[in-house]
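Colleague: Below are the structure tokens for one structure; questions will follow.
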Amino acid sequence: LPMKRAIEIAPVYEAKELAEVLAELPQDSCIFLVDEVFRSRWNLQKALYCKAGESLKQVTTFAELMPKIIELSAGIGKKDLNIVAIGGGSIGDFAGFVASTLKRGVRLIQIPTTWLAAVDSAHGGKTALNCGAYKNQIGSFHQAEKIYLVKDLLAEQPQNLLEDAYAEILKMAFLKEPQILEQVDDIWSILPQAIQAKYNYVLRDPFEDSGLRTELNLGHTYAHVLELEHQLSHGKAVGQGLHFAIAWSAAKGYLKNESAPQLQTILNDNYHPWMGLKIPAQNFLANLLQDKKMQKDKQLRFVFLEDLGKARVENVAAEEMLEFAKEWQCLC
Ligand SMILES: NC(=O)c1ccc[n+]([C@@H]2O[C@H](COP(=O)([O-])OP(=O)(O)OC[C@H]3O[C@@H](n4cnc5c(N)ncnc54)[C@H](O)[C@@H]3O)[C@@H](O)[C@H]2O)c1
């Protein structure tokens with residue numbers, strides 16, 4: 001039977017100064033989950049500062065921090081309670097899961113501080129925790145009530161975090177919004193287009209039921225295998241995953257001959273080139289089998305490209321991906 005779920009989703013992001021946002025939020029009913037790089041930056045009534053990264057998303061960390069969050073929530077009625085995430089994608093994924101489970105679900109507000117979170121992870125309602133070595137295996141859909149885009153906060157990021165976001169932006173450009181490529185150097189100005197491209201998928205397939213949202217996984221299958229093997233940020237892994245997806249699309253003859261070099265050039269011009277990171281052959285398949293996109297009979301939904309702006313989703317055998325990985329010389 002299909003699951004019955006309320007769908008009330010609309011793009012809810014707004015660009016604002018942080019001082020305005022903090023003045024607008026009811027401080028006495030907000031619990032701020034904040035990246036510790038911002039410790040003592042603002043005077044927040046109820047805040048928990050967290051070390052960002054994959055360890056925050058560990059289910060064991062969730063169990064450790066939840067009693068502190070429950071203590072902070074004492075005296076606030078469930079209907080008034082807001083979980084406010086101030087940080088990158090790891091803080092957002094963690095805070096989202098907290099908001100979706102605390103008292104069976106409370107309001108979530110996202111204030112992304114990395115470009116990756118601003119363009120991608122803060123939108124779309126996916127929350128996630130990791131379990132041991134396996135990423136994002138626990139999670140829920142919990143849409144943020146509001147996402148505030150604060151330019152000054154985002155502009156503070158070091159260059160390497162900007163590169164992380166470019167992988168997701170190029171993914172959007174390849175899938176649906178090629179015109180983004182025309183002004184890709186000005187990330188703040190392309191933010192609305194890139195975010196809107198994501199909502200075009202999210203609004204039509206909010207819970208990943210119809211398969212439409214699967215296209216957003218372009219570059220992500222290989223990225224997840226790589227992330228399990230190497231200490232690589234999500235954004236950089238997706239960048240490498242885009243190289244893999246384009247190469248495989250070309251090898252299968254899906255990508256028009258003239259499109260393959262064009263896409264490779266765009267990728268190399270706007271994102272650092274293929275890093276040449278190797279994955280032990282015996283781990284490749286094991287890592288692949290943990291992918292959430294895995295279907296029955298070791299088949300997985302892989303997102304290929306046929307052209308700029310045109311994806312093709314197909315079931316492929318995990319062994320077939322392994323064969324191409326050997327051919328592409330990314331195994332050791
Ligand atoms: N839910 C989704 O739809 C979705 C989509 C994409 C990625 N993700 C998840 O997002 C996470 C990656 O997010 P991320 O790249 O934002 O990483 P992150 O949250 O781990 O932050 C990366 C680093 O940047 C630092 N940082 C954050 N903001 C800063 C700022 N303004 N100035 C200086 N340093 C700052 C953090 O302390 C951290 O060291 C992964 O866990 C990934 O799985 C989720």
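The way I read the labels, and the way they are meant: chains A, B, ... in the order of the structure tokens, residue 1 as the first residue of every chain, and ligand 1 as the first ligand shown, with later ones counted on from there.
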Which residues of chain A have any atom within 6 Å of an atom in ligand 1 when counting only C-alpha atoms and all ligand atoms, and what is the closest pair of atoms for each, with the distance in Å to one decimal? Order the rows by chain and rising number and write it as JSON lines.

Modeller:
```
{"residue": "A:Asp35", "atom": "CA", "partner": "ligand 1", "partner_atom_place_in_ligand_line": "37 (O)", "distance": 5.8}
{"residue": "A:Val37", "atom": "CA", "partner": "ligand 1", "partner_atom_place_in_ligand_line": "37 (O)", "distance": 5.5}
{"residue": "A:Ala52", "atom": "CA", "partner": "ligand 1", "partner_atom_place_in_ligand_line": "20 (O)", "distance": 4.9}
{"residue": "A:Gly53", "atom": "CA", "partner": "ligand 1", "partner_atom_place_in_ligand_line": "20 (O)", "distance": 3.7}
{"residue": "A:Glu54", "atom": "CA", "partner": "ligand 1", "partner_atom_place_in_ligand_line": "41 (O)", "distance": 5.6}
{"residue": "A:Gly87", "atom": "CA", "partner": "ligand 1", "partner_atom_place_in_ligand_line": "28 (N)", "distance": 5.2}
{"residue": "A:Gly88", "atom": "CA", "partner": "ligand 1", "partner_atom_place_in_ligand_line": "19 (O)", "distance": 3.3}
{"residue": "A:Gly89", "atom": "CA", "partner": "ligand 1", "partner_atom_place_in_ligand_line": "13 (O)", "distance": 3.2}
{"residue": "A:Ser90", "atom": "CA", "partner": "ligand 1", "partner_atom_place_in_ligand_line": "19 (O)", "distance": 3.8}
{"residue": "A:Ile91", "atom": "CA", "partner": "ligand 1", "partner_atom_place_in_ligand_line": "19 (O)", "distance": 5.4}
{"residue": "A:Asp93", "atom": "CA", "partner": "ligand 1", "partner_atom_place_in_ligand_line": "1 (N)", "distance": 5.4}
{"residue": "A:Thr113", "atom": "CA", "partner": "ligand 1", "partner_atom_place_in_ligand_line": "28 (N)", "distance": 4.3}
{"residue": "A:Thr114", "atom": "CA", "partner": "ligand 1", "partner_atom_place_in_ligand_line": "28 (N)", "distance": 4.6}
{"residue": "A:Leu116", "atom": "CA", "partner": "ligand 1", "partner_atom_place_in_ligand_line": "16 (O)", "distance": 5.1}
{"residue": "A:Ala117", "atom": "CA", "partner": "ligand 1", "partner_atom_place_in_ligand_line": "16 (O)", "distance": 4.9}
{"residue": "A:Asp120", "atom": "CA", "partner": "ligand 1", "partner_atom_place_in_ligand_line": "5 (C)", "distance": 5.5}
{"residue": "A:Ser121", "atom": "CA", "partner": "ligand 1", "partner_atom_place_in_ligand_line": "4 (C)", "distance": 3.6}
{"residue": "A:Lys126", "atom": "CA", "partner": "ligand 1", "partner_atom_place_in_ligand_line": "1 (N)", "distance": 4.3}
{"residue": "A:Thr127", "atom": "CA", "partner": "ligand 1", "partner_atom_place_in_ligand_line": "1 (N)", "distance": 5.2}
{"residue": "A:Leu153", "atom": "CA", "partner": "ligand 1", "partner_atom_place_in_ligand_line": "31 (N)", "distance": 5.3}
{"residue": "A:Leu154", "atom": "CA", "partner": "ligand 1", "partner_atom_place_in_ligand_line": "31 (N)", "distance": 5.1}
{"residue": "A:Glu156", "atom": "CA", "partner": "ligand 1", "partner_atom_place_in_ligand_line": "32 (N)", "distance": 5.0}
{"residue": "A:Gln157", "atom": "CA", "partner": "ligand 1", "partner_atom_place_in_ligand_line": "32 (N)", "distance": 3.9}
{"residue": "A:His234", "atom": "CA", "partner": "ligand 1", "partner_atom_place_in_ligand_line": "12 (C)", "distance": 5.5}
```

Colleague: Take the residues from that selection and write them out as a short mmCIF file (atom, residue, chain, number, x, y, z; two decimals), in the first residue's frame, keeping N, CA, C and O atoms.

Modeller:
```cif
data_model
loop_
_atom_site.label_atom_id
_atom_site.label_comp_id
_atom_site.auth_asym_id
_atom_site.auth_seq_id
_atom_site.Cartn_x
_atom_site.Cartn_y
_atom_site.Cartn_z
N ASP A 35 27.66 25.21 14.30
CA ASP A 35 29.04 24.78 14.03
C ASP A 35 29.97 25.49 15.02
O ASP A 35 29.89 26.72 15.17
N VAL A 37 32.83 26.48 14.85
CA VAL A 37 33.68 27.57 14.34
C VAL A 37 33.04 28.94 14.65
O VAL A 37 33.71 29.96 14.61
N ALA A 52 31.68 20.12 13.35
CA ALA A 52 31.07 19.72 12.07
C ALA A 52 31.79 18.52 11.48
O ALA A 52 32.93 18.23 11.84
N GLY A 53 31.12 17.82 10.59
CA GLY A 53 31.75 16.71 9.87
C GLY A 53 30.97 15.43 10.02
O GLY A 53 29.93 15.38 10.70
N GLU A 54 31.50 14.37 9.41
CA GLU A 54 30.78 13.10 9.38
C GLU A 54 30.62 12.49 10.78
O GLU A 54 29.67 11.77 11.05
N GLY A 87 25.20 26.22 10.16
CA GLY A 87 26.40 25.48 9.79
C GLY A 87 26.28 24.93 8.38
O GLY A 87 25.36 25.26 7.63
N GLY A 88 27.21 24.05 8.05
CA GLY A 88 27.22 23.42 6.72
C GLY A 88 26.28 22.22 6.68
O GLY A 88 25.43 22.02 7.56
N GLY A 89 26.49 21.38 5.66
CA GLY A 89 25.60 20.24 5.43
C GLY A 89 25.57 19.24 6.56
O GLY A 89 24.52 18.62 6.83
N SER A 90 26.71 19.07 7.27
CA SER A 90 26.70 18.07 8.34
C SER A 90 25.84 18.55 9.51
O SER A 90 25.07 17.77 10.09
N ILE A 91 25.95 19.84 9.84
CA ILE A 91 25.12 20.39 10.91
C ILE A 91 23.64 20.33 10.47
O ILE A 91 22.75 19.94 11.24
N ASP A 93 22.16 18.28 8.24
CA ASP A 93 21.63 16.90 8.22
C ASP A 93 21.33 16.41 9.64
O ASP A 93 20.30 15.78 9.89
N THR A 113 25.89 27.81 6.27
CA THR A 113 27.10 28.64 6.30
C THR A 113 28.13 28.18 5.28
O THR A 113 29.19 28.79 5.17
N THR A 114 27.86 27.07 4.58
CA THR A 114 28.74 26.68 3.47
C THR A 114 27.93 26.85 2.18
O THR A 114 26.70 26.73 2.19
N LEU A 116 27.87 24.82 -0.18
CA LEU A 116 27.23 23.52 -0.50
C LEU A 116 25.88 23.40 0.18
O LEU A 116 24.89 22.98 -0.42
N ALA A 117 25.83 23.82 1.44
CA ALA A 117 24.55 23.74 2.16
C ALA A 117 23.57 24.76 1.60
O ALA A 117 22.37 24.48 1.46
N ASP A 120 22.44 23.40 -1.82
CA ASP A 120 21.93 22.04 -1.96
C ASP A 120 21.33 21.46 -0.68
O ASP A 120 20.11 21.33 -0.55
N SER A 121 22.19 21.17 0.31
CA SER A 121 21.73 20.29 1.39
C SER A 121 20.65 20.91 2.28
O SER A 121 19.85 20.18 2.88
N LYS A 126 15.89 16.40 3.13
CA LYS A 126 16.54 15.13 3.50
C LYS A 126 17.38 15.33 4.75
O LYS A 126 18.20 16.25 4.82
N THR A 127 17.20 14.47 5.73
CA THR A 127 18.03 14.49 6.94
C THR A 127 18.81 13.18 6.96
O THR A 127 18.39 12.21 6.34
N LEU A 153 27.90 35.65 5.89
CA LEU A 153 28.32 34.40 6.53
C LEU A 153 28.93 33.46 5.48
O LEU A 153 29.97 32.83 5.69
N LEU A 154 28.26 33.38 4.34
CA LEU A 154 28.72 32.48 3.27
C LEU A 154 30.04 32.97 2.67
O LEU A 154 30.90 32.16 2.31
N GLU A 156 32.50 34.21 4.07
CA GLU A 156 33.66 33.94 4.94
C GLU A 156 34.40 32.65 4.59
O GLU A 156 35.50 32.42 5.06
N GLN A 157 33.75 31.79 3.79
CA GLN A 157 34.33 30.46 3.61
C GLN A 157 35.66 30.45 2.86
O GLN A 157 35.83 31.20 1.92
N HIS A 234 32.36 15.64 0.72
CA HIS A 234 31.26 15.22 -0.14
C HIS A 234 31.35 15.93 -1.50
O HIS A 234 31.25 15.30 -2.55
#
```

Colleague: If we count only C-alpha atoms and set the cut-off at 10 Å, which residues sit around Ile147 in chain A, ignoring sequence neighbours fewer than 6 positions away in its own chain? Please answer as a PyMOL selection string.

Modeller: chain A and resi 11-16+84-85+108-112+118+122-123

Colleague: Those selected residues, please, written with all heavy atoms and delivered as a CSV table (one decimal), in the first residue's frame.

Modeller:
```csv
chain,number,residue,atom,x,y,z
A,11,PRO,N,9.2,26.2,-1.9
A,11,PRO,CA,10.6,26.8,-1.6
A,11,PRO,C,10.4,27.9,-0.6
A,11,PRO,O,9.5,28.8,-0.7
A,11,PRO,CB,10.9,27.4,-3.0
A,11,PRO,CG,10.0,26.8,-4.0
A,11,PRO,CD,8.8,26.4,-3.3
A,12,VAL,N,11.2,27.9,0.5
A,12,VAL,CA,11.0,28.8,1.6
A,12,VAL,C,12.3,29.5,1.9
A,12,VAL,O,12.6,29.7,3.1
A,12,VAL,CB,10.4,28.1,2.8
A,12,VAL,CG1,9.0,27.8,2.7
A,12,VAL,CG2,11.2,26.8,3.1
A,13,TYR,N,13.1,29.8,0.9
A,13,TYR,CA,14.4,30.4,1.3
A,13,TYR,C,14.3,32.0,1.0
A,13,TYR,O,13.5,32.4,0.2
A,13,TYR,CB,15.5,29.8,0.4
A,13,TYR,CG,15.4,29.9,-1.0
A,13,TYR,CD1,15.9,31.0,-1.8
A,13,TYR,CD2,14.7,28.9,-1.7
A,13,TYR,CE1,15.7,31.0,-3.2
A,13,TYR,CE2,14.5,28.9,-3.1
A,13,TYR,CZ,15.0,30.0,-3.8
A,13,TYR,OH,14.9,30.0,-5.2
A,14,GLU,N,15.1,32.7,1.8
A,14,GLU,CA,15.1,34.1,1.7
A,14,GLU,C,16.5,34.6,2.1
A,14,GLU,O,17.1,34.1,3.0
A,14,GLU,CB,14.1,34.6,2.8
A,14,GLU,CG,13.8,36.0,2.8
A,14,GLU,CD,12.8,36.4,3.9
A,14,GLU,OE1,12.3,35.6,4.6
A,14,GLU,OE2,12.7,37.6,4.1
A,15,ALA,N,16.9,35.6,1.3
A,15,ALA,CA,18.3,36.2,1.6
A,15,ALA,C,18.0,37.3,2.7
A,15,ALA,O,17.1,38.1,2.5
A,15,ALA,CB,18.9,36.8,0.4
A,16,LYS,N,18.8,37.3,3.7
A,16,LYS,CA,18.7,38.3,4.8
A,16,LYS,C,20.0,38.5,5.6
A,16,LYS,O,20.9,37.6,5.5
A,16,LYS,CB,17.6,37.7,5.8
A,16,LYS,CG,16.4,38.6,5.9
A,16,LYS,CD,15.4,38.1,6.9
A,16,LYS,CE,14.3,39.2,6.8
A,16,LYS,NZ,13.1,38.7,7.4
A,84,VAL,N,17.2,25.3,15.2
A,84,VAL,CA,17.8,26.2,14.2
A,84,VAL,C,19.2,25.7,13.9
A,84,VAL,O,20.1,25.7,14.8
A,84,VAL,CB,17.8,27.6,14.7
A,84,VAL,CG1,18.3,28.6,13.6
A,84,VAL,CG2,16.5,28.1,15.2
A,85,ALA,N,19.5,25.3,12.7
A,85,ALA,CA,20.8,24.8,12.3
A,85,ALA,C,21.6,26.0,11.8
A,85,ALA,O,21.2,26.7,10.8
A,85,ALA,CB,20.7,23.8,11.2
A,108,LEU,N,11.9,23.1,11.9
A,108,LEU,CA,13.4,23.2,11.6
A,108,LEU,C,13.6,24.5,10.8
A,108,LEU,O,12.8,24.8,9.9
A,108,LEU,CB,13.8,22.0,10.7
A,108,LEU,CG,15.1,22.0,10.1
A,108,LEU,CD1,16.2,21.9,11.1
A,108,LEU,CD2,15.3,20.9,9.0
A,109,ILE,N,14.6,25.2,11.2
A,109,ILE,CA,15.1,26.4,10.4
A,109,ILE,C,16.5,26.2,10.1
A,109,ILE,O,17.3,25.8,10.9
A,109,ILE,CB,14.8,27.7,11.3
A,109,ILE,CG1,13.3,27.9,11.4
A,109,ILE,CG2,15.5,28.9,10.6
A,109,ILE,CD1,12.9,28.8,12.6
A,110,GLN,N,16.9,26.5,8.8
A,110,GLN,CA,18.3,26.3,8.4
A,110,GLN,C,18.9,27.6,8.1
A,110,GLN,O,18.4,28.4,7.3
A,110,GLN,CB,18.3,25.4,7.1
A,110,GLN,CG,17.7,24.0,7.3
A,110,GLN,CD,18.9,23.0,7.4
A,110,GLN,OE1,20.0,23.3,7.7
A,110,GLN,NE2,18.5,21.7,7.2
A,111,ILE,N,20.1,27.8,8.6
A,111,ILE,CA,20.9,29.0,8.2
A,111,ILE,C,22.3,28.4,7.7
A,111,ILE,O,23.2,28.2,8.5
A,111,ILE,CB,21.1,30.0,9.4
A,111,ILE,CG1,19.8,30.3,10.0
A,111,ILE,CG2,21.9,31.2,8.9
A,111,ILE,CD1,19.9,31.3,11.2
A,112,PRO,N,22.3,28.0,6.4
A,112,PRO,CA,23.5,27.4,5.9
A,112,PRO,C,24.7,28.4,5.9
A,112,PRO,O,24.6,29.5,5.6
A,112,PRO,CB,23.1,27.0,4.5
A,112,PRO,CG,21.9,27.9,4.1
A,112,PRO,CD,21.2,28.2,5.4
A,118,ALA,N,24.1,26.0,1.2
A,118,ALA,CA,23.2,27.0,0.7
A,118,ALA,C,22.6,26.6,-0.6
A,118,ALA,O,21.4,26.9,-0.9
A,118,ALA,CB,24.0,28.3,0.6
A,122,ALA,N,20.6,22.3,2.4
A,122,ALA,CA,19.6,22.8,3.3
A,122,ALA,C,18.2,22.8,2.6
A,122,ALA,O,17.2,22.9,3.3
A,122,ALA,CB,19.9,24.3,3.5
A,123,HIS,N,18.1,22.4,1.3
A,123,HIS,CA,16.8,22.4,0.6
A,123,HIS,C,16.4,21.0,0.3
A,123,HIS,O,17.3,20.1,0.1
A,123,HIS,CB,17.0,23.1,-0.7
A,123,HIS,CG,17.6,24.5,-0.6
A,123,HIS,ND1,16.8,25.6,-0.3
A,123,HIS,CD2,18.9,24.9,-0.6
A,123,HIS,CE1,17.7,26.7,-0.2
A,123,HIS,NE2,18.9,26.2,-0.4
```

Colleague: Report, in Å to a single decimal, how far apart CA of Leu263 in chain A and CA of Gly219 in chain A are.

Modeller: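 Distance reported for this atom pair: 13.1 Å.
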
Colleague: Tell me which of A:Ala47, A:Val21, A:Ile266, A:Val98 sits closest to Leu181 in chain A, counting only C-alpha atoms.

Modeller: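 Closest candidate: A:Ile266.
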
Colleague: Could you tell me how far CA of Asp307 in chain A sits from CA of Leu218 in chain A, in Å to one decimal place?

Modeller: 13.0 Å

Colleague: Tell me, as a count of residues only, which residues lie within 12 Å of Leu102 in chain A, counting only C-alpha atoms; anything in the same chain fewer than 3 positions away does not count.

Modeller: 29
